[in-house]
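A.B. asks: This one is start-v3.cif, mmCIF, C-alpha atoms and all ligand atoms.
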```cif
data_structure
#
loop_
_atom_site.label_atom_id
_atom_site.label_comp_id
_atom_site.auth_asym_id
_atom_site.auth_seq_id
_atom_site.Cartn_x
_atom_site.Cartn_y
_atom_site.Cartn_z
CA MET A 1 129.26 118.81 85.92
CA GLU A 2 130.00 116.56 88.90
CA GLN A 3 132.67 117.78 91.28
CA SER A 4 134.63 114.54 90.78
CA THR A 5 134.69 115.14 87.01
CA ILE A 6 136.13 118.61 87.55
CA LEU A 7 138.71 117.24 89.97
CA LYS A 8 139.75 114.57 87.47
CA MET A 9 140.31 117.34 84.92
CA VAL A 10 142.41 119.29 87.44
CA PHE A 11 144.45 116.14 88.15
CA ASP A 12 145.01 115.67 84.43
CA VAL A 13 146.17 119.27 83.98
CA LEU A 14 148.60 118.91 86.90
CA HIS A 15 149.83 115.57 85.54
CA TYR A 16 150.18 116.35 81.83
CA SER A 17 151.53 119.89 82.30
CA GLY A 18 154.40 118.42 84.29
CA ALA A 19 153.50 120.63 87.27
CA ALA A 20 153.00 117.68 89.59
CA ALA A 21 156.36 116.17 88.67
CA ALA A 22 158.24 119.49 88.87
CA LEU A 23 156.81 120.45 92.27
CA ARG A 24 156.93 116.97 93.80
CA PRO A 25 160.09 117.63 95.86
CA VAL A 26 158.48 120.76 97.32
CA PHE A 27 155.07 119.41 98.34
CA ARG A 28 155.54 115.67 98.70
CA GLY A 29 156.32 115.97 102.42
CA SER A 30 157.49 113.08 104.60
CA GLY A 31 154.94 110.59 103.37
CA ALA A 32 151.33 109.60 102.84
CA ILE A 33 148.79 107.77 104.98
CA PHE A 34 146.27 106.13 102.66
CA CYS A 35 142.67 105.64 103.75
CA LEU A 36 140.54 102.78 102.45
CA HIS A 37 137.19 101.26 103.41
CA HIS A 38 136.14 98.30 101.27
CA VAL A 39 138.49 96.25 99.11
CA CYS A 40 136.48 93.80 97.02
CA PRO A 41 136.41 92.30 93.52
CA GLY A 42 134.73 94.75 91.15
CA GLY A 43 134.95 97.35 93.94
CA GLY A 44 134.44 100.94 92.86
CA ALA A 45 132.61 100.12 89.64
CA LYS A 46 129.79 102.61 89.24
CA THR A 47 127.18 100.19 88.00
CA GLY A 48 123.45 100.68 88.42
CA PHE A 49 122.44 102.25 91.71
CA SER A 50 125.65 102.20 93.79
CA PRO A 51 125.94 105.56 95.60
CA ASN A 52 128.59 104.28 98.01
CA TYR A 53 130.87 103.03 95.26
CA GLN A 54 133.53 105.60 96.13
CA LEU A 55 134.13 103.70 99.39
CA GLU A 56 135.32 100.66 97.45
CA VAL A 57 138.40 99.76 95.44
CA SER A 58 139.35 96.47 93.82
CA PRO A 59 142.15 94.26 95.19
CA ASP A 60 143.91 94.71 91.84
CA PHE A 61 143.92 98.51 92.24
CA LEU A 62 145.30 98.20 95.77
CA ASN A 63 148.01 95.93 94.38
CA GLN A 64 148.85 98.49 91.70
CA VAL A 65 149.02 101.36 94.22
CA ILE A 66 151.41 99.46 96.49
CA SER A 67 153.63 98.53 93.53
CA HIS A 68 153.54 102.13 92.35
CA CYS A 69 154.64 103.40 95.78
CA VAL A 70 157.58 100.96 95.72
CA THR A 71 158.55 102.07 92.20
CA ARG A 72 158.39 105.71 93.32
CA GLY A 73 160.80 104.92 96.14
CA TYR A 74 158.32 104.98 99.01
CA GLU A 75 159.04 102.91 102.11
CA LEU A 76 156.07 100.78 103.16
CA ILE A 77 155.95 101.14 106.92
CA SER A 78 153.47 100.66 109.78
CA LEU A 79 151.53 103.53 111.28
CA GLY A 80 153.56 103.09 114.47
CA ASP A 81 156.85 103.45 112.61
CA ALA A 82 155.49 106.46 110.72
CA VAL A 83 154.53 108.14 113.98
CA GLU A 84 158.02 107.50 115.40
CA ARG A 85 159.48 109.00 112.25
CA ILE A 86 157.25 112.09 112.52
CA LYS A 87 158.20 112.50 116.17
CA SER A 88 161.90 112.33 115.27
CA ARG A 89 161.35 115.46 113.13
CA ARG A 90 163.61 113.95 110.55
CA LYS A 91 163.69 115.83 107.27
CA GLY A 92 164.66 114.38 103.92
CA GLY A 93 165.21 110.70 103.21
CA ARG A 94 162.79 108.40 101.46
CA PRO A 95 159.10 109.18 101.86
CA PHE A 96 156.86 106.63 103.59
CA ALA A 97 153.52 105.12 102.65
CA VAL A 98 151.13 103.84 105.32
CA PHE A 99 147.94 101.93 104.49
CA THR A 100 144.87 102.18 106.75
CA LEU A 101 141.34 100.78 106.48
CA ASP A 102 138.34 102.14 108.40
CA ASP A 103 135.34 100.45 110.05
CA GLY A 104 136.46 96.78 110.03
CA TYR A 105 134.75 95.24 107.01
CA ARG A 106 135.11 91.53 106.32
CA ASP A 107 136.51 92.21 102.85
CA ASN A 108 139.58 93.74 104.55
CA ALA A 109 140.59 90.29 105.82
CA GLU A 110 139.38 88.44 102.75
CA TYR A 111 140.75 90.59 99.92
CA ALA A 112 143.00 93.37 101.24
CA ALA A 113 145.13 91.41 103.72
CA PRO A 114 146.40 88.93 101.06
CA VAL A 115 147.52 91.87 98.87
CA PHE A 116 149.34 93.47 101.80
CA ARG A 117 150.98 90.14 102.68
CA LYS A 118 152.14 89.63 99.10
CA HIS A 119 154.07 92.92 99.34
CA GLY A 120 155.07 92.58 103.01
CA CYS A 121 153.21 95.85 103.44
CA PRO A 122 152.05 96.82 106.96
CA TYR A 123 148.45 97.99 107.37
CA ALA A 124 146.15 99.29 110.11
CA VAL A 125 142.45 98.49 110.54
CA PHE A 126 140.35 100.89 112.60
CA VAL A 127 137.57 99.03 114.35
CA THR A 128 134.24 100.49 115.48
CA SER A 129 133.32 98.38 118.47
CA ARG A 130 129.54 98.15 117.91
CA ILE A 131 130.17 97.24 114.27
CA ALA A 132 132.36 94.39 115.56
CA ASP A 133 129.55 93.49 117.99
CA GLY A 134 127.29 93.18 114.93
CA THR A 135 124.75 95.65 116.31
CA CYS A 136 125.67 98.96 114.67
CA GLU A 137 123.42 100.77 112.21
CA ILE A 138 125.71 101.20 109.21
CA TRP A 139 123.13 103.74 108.09
CA TRP A 140 124.71 104.89 104.81
CA ARG A 141 124.81 101.35 103.46
CA ALA A 142 121.45 100.38 105.00
CA LEU A 143 119.82 103.37 103.30
CA GLU A 144 121.37 102.29 99.99
CA ARG A 145 120.06 98.72 100.40
CA ILE A 146 116.55 99.88 101.34
CA LEU A 147 116.35 102.23 98.33
CA ALA A 148 117.80 99.53 96.07
CA ARG A 149 115.09 96.99 96.91
CA SER A 150 112.07 99.32 97.16
CA SER A 151 109.87 100.62 94.35
CA SER A 152 108.73 103.66 96.32
CA ILE A 153 109.43 105.22 99.69
CA GLU A 154 107.95 107.76 102.09
CA VAL A 155 110.43 109.48 104.40
CA ASN A 156 110.49 112.31 106.92
CA ILE A 157 113.40 114.58 106.18
CA SER A 158 114.09 118.20 107.02
CA GLY A 159 110.74 118.47 108.84
CA ARG A 160 108.54 117.25 105.98
CA THR A 161 107.19 114.02 104.58
CA VAL A 162 108.40 113.26 101.08
CA ASN A 163 107.45 110.48 98.68
CA PHE A 164 109.88 109.14 96.11
CA ALA A 165 109.25 106.76 93.24
CA LEU A 166 112.10 104.25 93.05
CA LYS A 167 111.35 102.27 89.94
CA THR A 168 114.53 103.07 88.04
CA ASP A 169 118.18 103.52 89.00
CA LEU A 170 117.86 107.17 88.04
CA GLU A 171 114.90 107.66 90.41
CA LYS A 172 116.84 105.89 93.17
CA ALA A 173 119.86 108.13 92.57
CA GLN A 174 117.64 111.23 92.69
CA ALA A 175 116.03 110.08 95.95
CA TRP A 176 119.50 109.35 97.40
CA SER A 177 120.73 112.82 96.47
CA GLU A 178 117.94 114.35 98.59
CA ILE A 179 117.70 111.86 101.45
CA PHE A 180 121.40 111.14 102.11
CA PRO A 181 122.51 114.75 102.88
CA ALA A 182 119.43 115.35 105.05
CA VAL A 183 120.17 112.23 107.12
CA LYS A 184 123.89 112.97 107.30
CA ASN A 185 123.11 116.40 108.75
CA MET A 186 120.73 115.13 111.44
CA ASP A 187 121.69 115.10 115.09
CA GLU A 188 123.70 111.88 115.54
CA TYR A 189 121.17 110.22 117.88
CA GLU A 190 118.20 111.31 115.78
CA GLN A 191 119.92 109.89 112.71
CA ARG A 192 120.05 106.42 114.28
CA ARG A 193 116.40 106.61 115.39
CA TRP A 194 115.52 107.63 111.84
CA ILE A 195 117.27 104.67 110.17
CA LEU A 196 115.86 102.27 112.80
CA ALA A 197 112.31 103.45 112.07
CA LEU A 198 112.85 103.26 108.30
CA SER A 199 114.37 99.78 108.59
CA GLU A 200 111.49 98.51 110.70
CA LYS A 201 108.99 99.91 108.23
CA HIS A 202 110.78 98.22 105.32
CA LYS A 203 111.59 95.02 107.22
CA PHE A 204 115.31 95.53 106.80
CA ASP A 205 117.32 93.80 109.53
CA LEU A 206 120.07 96.27 110.45
CA ALA A 207 121.92 93.91 112.79
CA SER A 208 122.07 91.00 110.37
CA TYR A 209 123.20 93.39 107.63
CA CYS A 210 125.99 94.64 109.92
CA ARG A 211 127.07 91.05 110.63
CA SER A 212 127.02 90.22 106.93
CA VAL A 213 129.49 92.95 105.92
CA ALA A 214 131.67 93.49 108.99
CA MET A 215 134.16 91.38 110.88
CA GLY A 216 133.09 90.08 114.28
CA TRP A 217 135.50 89.98 117.20
CA THR A 218 136.74 86.46 116.40
CA GLU A 219 137.69 87.52 112.88
CA ILE A 220 139.35 90.69 114.16
CA ALA A 221 141.34 88.69 116.71
CA GLU A 222 142.43 86.33 113.92
CA LEU A 223 143.47 89.20 111.65
CA SER A 224 145.35 90.89 114.50
CA LYS A 225 147.70 87.88 114.64
CA ASP A 226 149.13 89.00 111.30
CA PRO A 227 152.42 90.71 112.20
CA LEU A 228 151.74 93.27 109.44
CA CYS A 229 148.40 94.26 111.00
CA THR A 230 147.77 97.00 113.58
CA ILE A 231 144.29 97.29 115.07
CA GLY A 232 143.20 100.82 115.96
CA ALA A 233 140.01 102.30 117.45
CA HIS A 234 137.23 104.05 115.53
CA THR A 235 134.69 104.84 118.33
CA VAL A 236 131.80 102.74 119.65
CA ASN A 237 128.96 103.90 117.38
CA HIS A 238 130.63 105.60 114.42
CA PHE A 239 129.25 109.00 115.40
CA ALA A 240 130.66 112.28 114.06
CA LEU A 241 132.36 113.29 117.31
CA ALA A 242 132.26 117.04 116.78
CA ARG A 243 128.46 116.85 116.70
CA LEU A 244 128.29 115.23 120.15
CA PRO A 245 128.47 116.83 123.61
CA ARG A 246 131.99 116.64 125.01
CA VAL A 247 131.17 113.91 127.55
CA ASP A 248 129.61 111.68 124.89
CA ALA A 249 132.49 112.24 122.47
CA TYR A 250 135.04 111.28 125.08
CA ARG A 251 133.07 108.16 126.01
CA GLU A 252 132.95 107.13 122.33
CA ILE A 253 136.74 107.41 122.08
CA GLN A 254 137.57 105.85 125.42
CA ASP A 255 135.04 102.99 125.41
CA SER A 256 136.01 101.79 121.92
CA ARG A 257 139.60 101.62 123.07
CA ALA A 258 138.63 99.70 126.21
CA SER A 259 136.51 97.19 124.23
CA ILE A 260 139.27 96.44 121.75
CA THR A 261 141.91 96.15 124.48
CA GLU A 262 139.70 93.74 126.39
CA ARG A 263 138.86 91.63 123.33
CA LEU A 264 142.37 91.47 121.88
CA GLY A 265 144.34 91.63 125.11
CA ARG A 266 146.71 94.26 123.81
CA PRO A 267 146.98 98.05 124.02
CA VAL A 268 145.41 100.18 121.27
CA GLU A 269 147.69 103.01 120.28
CA PHE A 270 145.95 104.66 117.34
CA PHE A 271 142.57 106.20 116.61
CA ALA A 272 140.65 107.28 113.50
CA TYR A 273 137.82 109.84 113.66
CA PRO A 274 134.60 108.56 112.01
CA TYR A 275 133.93 110.44 108.76
CA GLY A 276 137.02 112.43 109.81
CA ASP A 277 136.38 115.67 107.91
CA HIS A 278 136.22 119.20 109.35
CA VAL A 279 132.56 118.83 110.34
CA ALA A 280 133.04 115.48 112.05
CA ALA A 281 136.26 116.08 113.98
CA ALA A 282 137.77 119.31 115.18
CA ARG A 283 140.18 120.74 117.72
CA ARG A 284 138.16 119.67 120.78
CA ASP A 285 138.10 116.09 119.52
CA PHE A 286 141.86 116.13 118.83
CA GLU A 287 142.33 117.14 122.47
CA LEU A 288 140.02 114.35 123.65
CA ALA A 289 141.99 111.76 121.65
CA GLU A 290 145.18 113.08 123.22
CA ARG A 291 143.61 112.90 126.68
CA ALA A 292 142.48 109.33 126.03
CA GLY A 293 146.16 108.50 125.57
CA PHE A 294 146.43 107.66 121.88
CA SER A 295 149.89 108.02 120.37
CA ALA A 296 148.38 109.43 117.18
CA SER A 297 145.04 109.81 115.40
CA VAL A 298 144.09 110.11 111.76
CA THR A 299 141.46 112.30 110.13
CA THR A 300 140.19 112.30 106.55
CA ARG A 301 141.45 115.85 106.07
CA LYS A 302 143.30 115.61 102.83
CA GLY A 303 147.03 116.06 102.69
CA MET A 304 150.50 114.66 102.92
CA VAL A 305 152.29 114.24 106.22
CA HIS A 306 154.89 116.97 106.67
CA PRO A 307 157.66 117.36 109.27
CA ASP A 308 155.51 120.02 111.03
CA HIS A 309 152.98 117.35 111.95
CA TRP A 310 155.08 116.35 114.96
CA GLN A 311 153.06 119.02 116.79
CA HIS A 312 149.73 117.68 115.45
CA LEU A 313 149.87 113.93 115.98
CA GLN A 314 146.15 113.78 116.84
CA ALA A 315 145.16 115.37 113.52
CA LEU A 316 147.13 113.55 110.85
CA PRO A 317 145.86 113.94 107.29
CA ARG A 318 145.21 111.06 104.91
CA VAL A 319 145.00 110.39 101.19
CA MET A 320 141.73 108.70 100.22
CA LEU A 321 141.96 105.73 97.88
CA SER A 322 138.52 106.02 96.35
CA GLY A 323 136.60 104.02 93.80
CA ARG A 324 135.96 107.34 92.14
CA TYR A 325 139.65 107.85 91.31
CA GLN A 326 140.74 104.30 90.61
CA ASN A 327 143.54 105.25 88.29
CA LEU A 328 147.27 105.27 89.05
CA ARG A 329 147.63 108.61 87.27
CA TYR A 330 145.41 110.28 89.89
CA VAL A 331 147.23 108.54 92.73
CA ASP A 332 150.58 109.69 91.35
CA THR A 333 149.34 113.27 91.09
CA LEU A 334 147.98 113.12 94.66
CA LEU A 335 151.33 111.80 95.90
CA SER A 336 153.06 114.84 94.43
CA GLY A 337 151.25 116.76 97.19
CA LEU A 338 150.41 119.53 94.74
CA PRO A 339 146.58 119.09 94.78
CA PHE A 340 146.61 119.31 98.59
CA ALA A 341 148.96 122.29 98.57
CA LEU A 342 146.52 124.09 96.26
CA ALA A 343 143.46 123.07 98.29
CA ASN A 344 145.12 124.01 101.61
CA ARG A 345 146.40 127.31 100.23
CA PHE A 346 149.99 126.06 100.58
CA ARG A 347 149.69 125.37 104.30
CA HIS A 348 151.37 122.11 105.24
CA VAL A 349 149.22 121.56 108.30
CA ASP A 350 145.44 121.77 108.61
CA ALA A 351 144.73 120.91 112.23
CA GLY A 352 142.54 123.73 113.54
ZN ZN B 1 134.46 105.01 109.44
#
```
Show me this structure written as structure tokens.
C.D. replies:
Amino acid sequence: MEQSTILKMVFDVLHYSGAAAALRPVFRGSGAIFCLHHVCPGGGAKTGFSPNYQLEVSPDFLNQVISHCVTRGYELISLGDAVERIKSRRKGGRPFAVFTLDDGYRDNAEYAAPVFRKHGCPYAVFVTSRIADGTCEIWWRALERILARSSSIEVNISGRTVNFALKTDLEKAQAWSEIFPAVKNMDEYEQRRWILALSEKHKFDLASYCRSVAMGWTEIAELSKDPLCTIGAHTVNHFALARLPRVDAYREIQDSRASITERLGRPVEFFAYPYGDHVAAARRDFELAERAGFSASVTTRKGMVHPDHWQHLQALPRVMLSGRYQNLRYVDTLLSGLPFALANRFRHVDAG
């Protein structure tokens, strides 16, 4: 059984048993910072070969989540206001909801921004500077595209050459399940050489693909004029920082901030760690973000924001809005904080 299927069952038990509702006041915390990637029509539908579908939600689902937060009494505030609130160490009061989007995809401006504007809901977009330059290898999507359009493939992974037939969606999914984890676990620089070589072999133009899905600097500058929008930094190359030497990790953080500041002519206060899980960002990287001068940084460690986070502003948790769980019932159960309390063994803060 897929892990997501098991999790959905757990969510249902928490929801229908009344546990989530009963324990909401205990675990809900001060608020939630939602994390999104793509917002696009039909987003998150698992149709055919679409291994990255969990990174997408539909504009309609986003609309429903915002409405649901309002109904539940959440205040829709900017990341900056949330950070001020955390710093104030205020307890009690209405919880807040903050919406953030990673990487800087064009669909954010096209489909997400109108939904946010309709609700007067602030949002933050974390920009990876080489993605905005249109030169970044968005390797996880490039790999999907190459598998999708090929009928067979030969790859070098984990020190061996492997051939995969790719005639059916099932064969493509099987190949993905072997290739994707191997590539994800490569050294960050080797990973990019690997996708470059594969793209050349299969005549897949990485740069034009990047430009087709991501906002360029002109579009980002235009979006940043929206008073609801905050632009944050998300490194230069979208590397997992914890896998880099310290000097390289710091350069990734600092240079992305400098590029955005130069392009937009305004300071960049917030940072999001690429991938953002325990493997990709750890204590050293939280210290580097602090040293670079960010007011706060967000991870993808799962959890609600609690008053104790005032001491951990460079390691704020988020709640993923995923195509895999595009159902208000799951969102409501997540917002109770109970699933995170169980997963974190009832610790409010996971910042080590
Ligand atoms: Zn990212």
A.B. asks: Which distance in Å separates atom CA of Leu170 of chain A and atom CA of Ser50 of chain A, to one decimal?
C.D. replies: 10.9 Å
A.B. asks: Ligand ZN 1 (chain B): which residues are within 12 Å, counting all atoms listed in the file? Reply as a compact mmCIF listing (two decimals) with C-alpha atoms, keeping the file's coordinate frame.
C.D. replies:
```txt
# COMPACT_ATOMS: atom_id res chain seq x y z
CA CYS A 35 142.67 105.64 103.75
CA LEU A 36 140.54 102.78 102.45
CA HIS A 37 137.19 101.26 103.41
CA HIS A 38 136.14 98.30 101.27
CA LEU A 55 134.13 103.70 99.39
CA THR A 100 144.87 102.18 106.75
CA LEU A 101 141.34 100.78 106.48
CA ASP A 102 138.34 102.14 108.40
CA ASP A 103 135.34 100.45 110.05
CA GLY A 104 136.46 96.78 110.03
CA TYR A 105 134.75 95.24 107.01
CA VAL A 125 142.45 98.49 110.54
CA PHE A 126 140.35 100.89 112.60
CA VAL A 127 137.57 99.03 114.35
CA THR A 128 134.24 100.49 115.48
CA SER A 129 133.32 98.38 118.47
CA ARG A 130 129.54 98.15 117.91
CA ILE A 131 130.17 97.24 114.27
CA CYS A 136 125.67 98.96 114.67
CA ILE A 138 125.71 101.20 109.21
CA TRP A 139 123.13 103.74 108.09
CA TRP A 140 124.71 104.89 104.81
CA ARG A 141 124.81 101.35 103.46
CA ALA A 214 131.67 93.49 108.99
CA GLY A 232 143.20 100.82 115.96
CA ALA A 233 140.01 102.30 117.45
CA HIS A 234 137.23 104.05 115.53
CA THR A 235 134.69 104.84 118.33
CA VAL A 236 131.80 102.74 119.65
CA ASN A 237 128.96 103.90 117.38
CA HIS A 238 130.63 105.60 114.42
CA PHE A 239 129.25 109.00 115.40
CA ALA A 240 130.66 112.28 114.06
CA LEU A 241 132.36 113.29 117.31
CA PHE A 271 142.57 106.20 116.61
CA ALA A 272 140.65 107.28 113.50
CA TYR A 273 137.82 109.84 113.66
CA PRO A 274 134.60 108.56 112.01
CA TYR A 275 133.93 110.44 108.76
CA GLY A 276 137.02 112.43 109.81
CA ASP A 277 136.38 115.67 107.91
CA ALA A 280 133.04 115.48 112.05
CA VAL A 298 144.09 110.11 111.76
CA THR A 299 141.46 112.30 110.13
CA THR A 300 140.19 112.30 106.55
```
A.B. asks: For Arg284 of chain A, list every protein, DNA or RNA residue within 12 Å, evaluated using only C-alpha atoms, and leave out those in the same chain fewer than 6 positions away; present the list as an mmCIF file with C-alpha atoms, in the frame of the given file.
C.D. replies:
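Output saved as around_11.cif:
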```cif
data_model
loop_
_atom_site.group_PDB
_atom_site.id
_atom_site.type_symbol
_atom_site.label_atom_id
_atom_site.label_comp_id
_atom_site.auth_asym_id
_atom_site.auth_seq_id
_atom_site.Cartn_x
_atom_site.Cartn_y
_atom_site.Cartn_z
ATOM 1 C CA LEU A 241 132.360 113.290 117.310
ATOM 2 C CA ALA A 242 132.260 117.040 116.780
ATOM 3 C CA ARG A 243 128.460 116.850 116.700
ATOM 4 C CA LEU A 244 128.290 115.230 120.150
ATOM 5 C CA PRO A 245 128.470 116.830 123.610
ATOM 6 C CA ARG A 246 131.990 116.640 125.010
ATOM 7 C CA VAL A 247 131.170 113.910 127.550
ATOM 8 C CA ALA A 249 132.490 112.240 122.470
ATOM 9 C CA TYR A 250 135.040 111.280 125.080
ATOM 10 C CA HIS A 278 136.220 119.200 109.350
ATOM 11 C CA GLU A 290 145.180 113.080 123.220
ATOM 12 C CA ARG A 291 143.610 112.900 126.680
ATOM 13 C CA GLN A 314 146.150 113.780 116.840
ATOM 14 C CA ALA A 315 145.160 115.370 113.520
ATOM 15 C CA ALA A 351 144.730 120.910 112.230
ATOM 16 C CA GLY A 352 142.540 123.730 113.540
#
```
A.B. asks: Between A:Val162, A:Ala281, A:Leu328, A:Leu313, which one has atoms that come closest to Asn63 of chain A, using all atoms listed in the file?
C.D. replies: A:Leu328
A.B. asks: Between A:Ser295, A:Asp226, A:Gln311, A:Glu178, single out the one closest to Glu84 of chain A, counting all atoms listed in the file.
C.D. replies: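 Once distances to Glu84 of chain A are computed over all atoms listed in the file, the minimum belongs to A:Ser295.
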A.B. asks: May I have the protein, DNA and RNA residues with an atom at most 6 Å from (149.0, 96.0, 111.3), counting all atoms listed in the file in the file's coordinates, returned as number ranges by chain?
C.D. replies: A: 122-124, 228-230
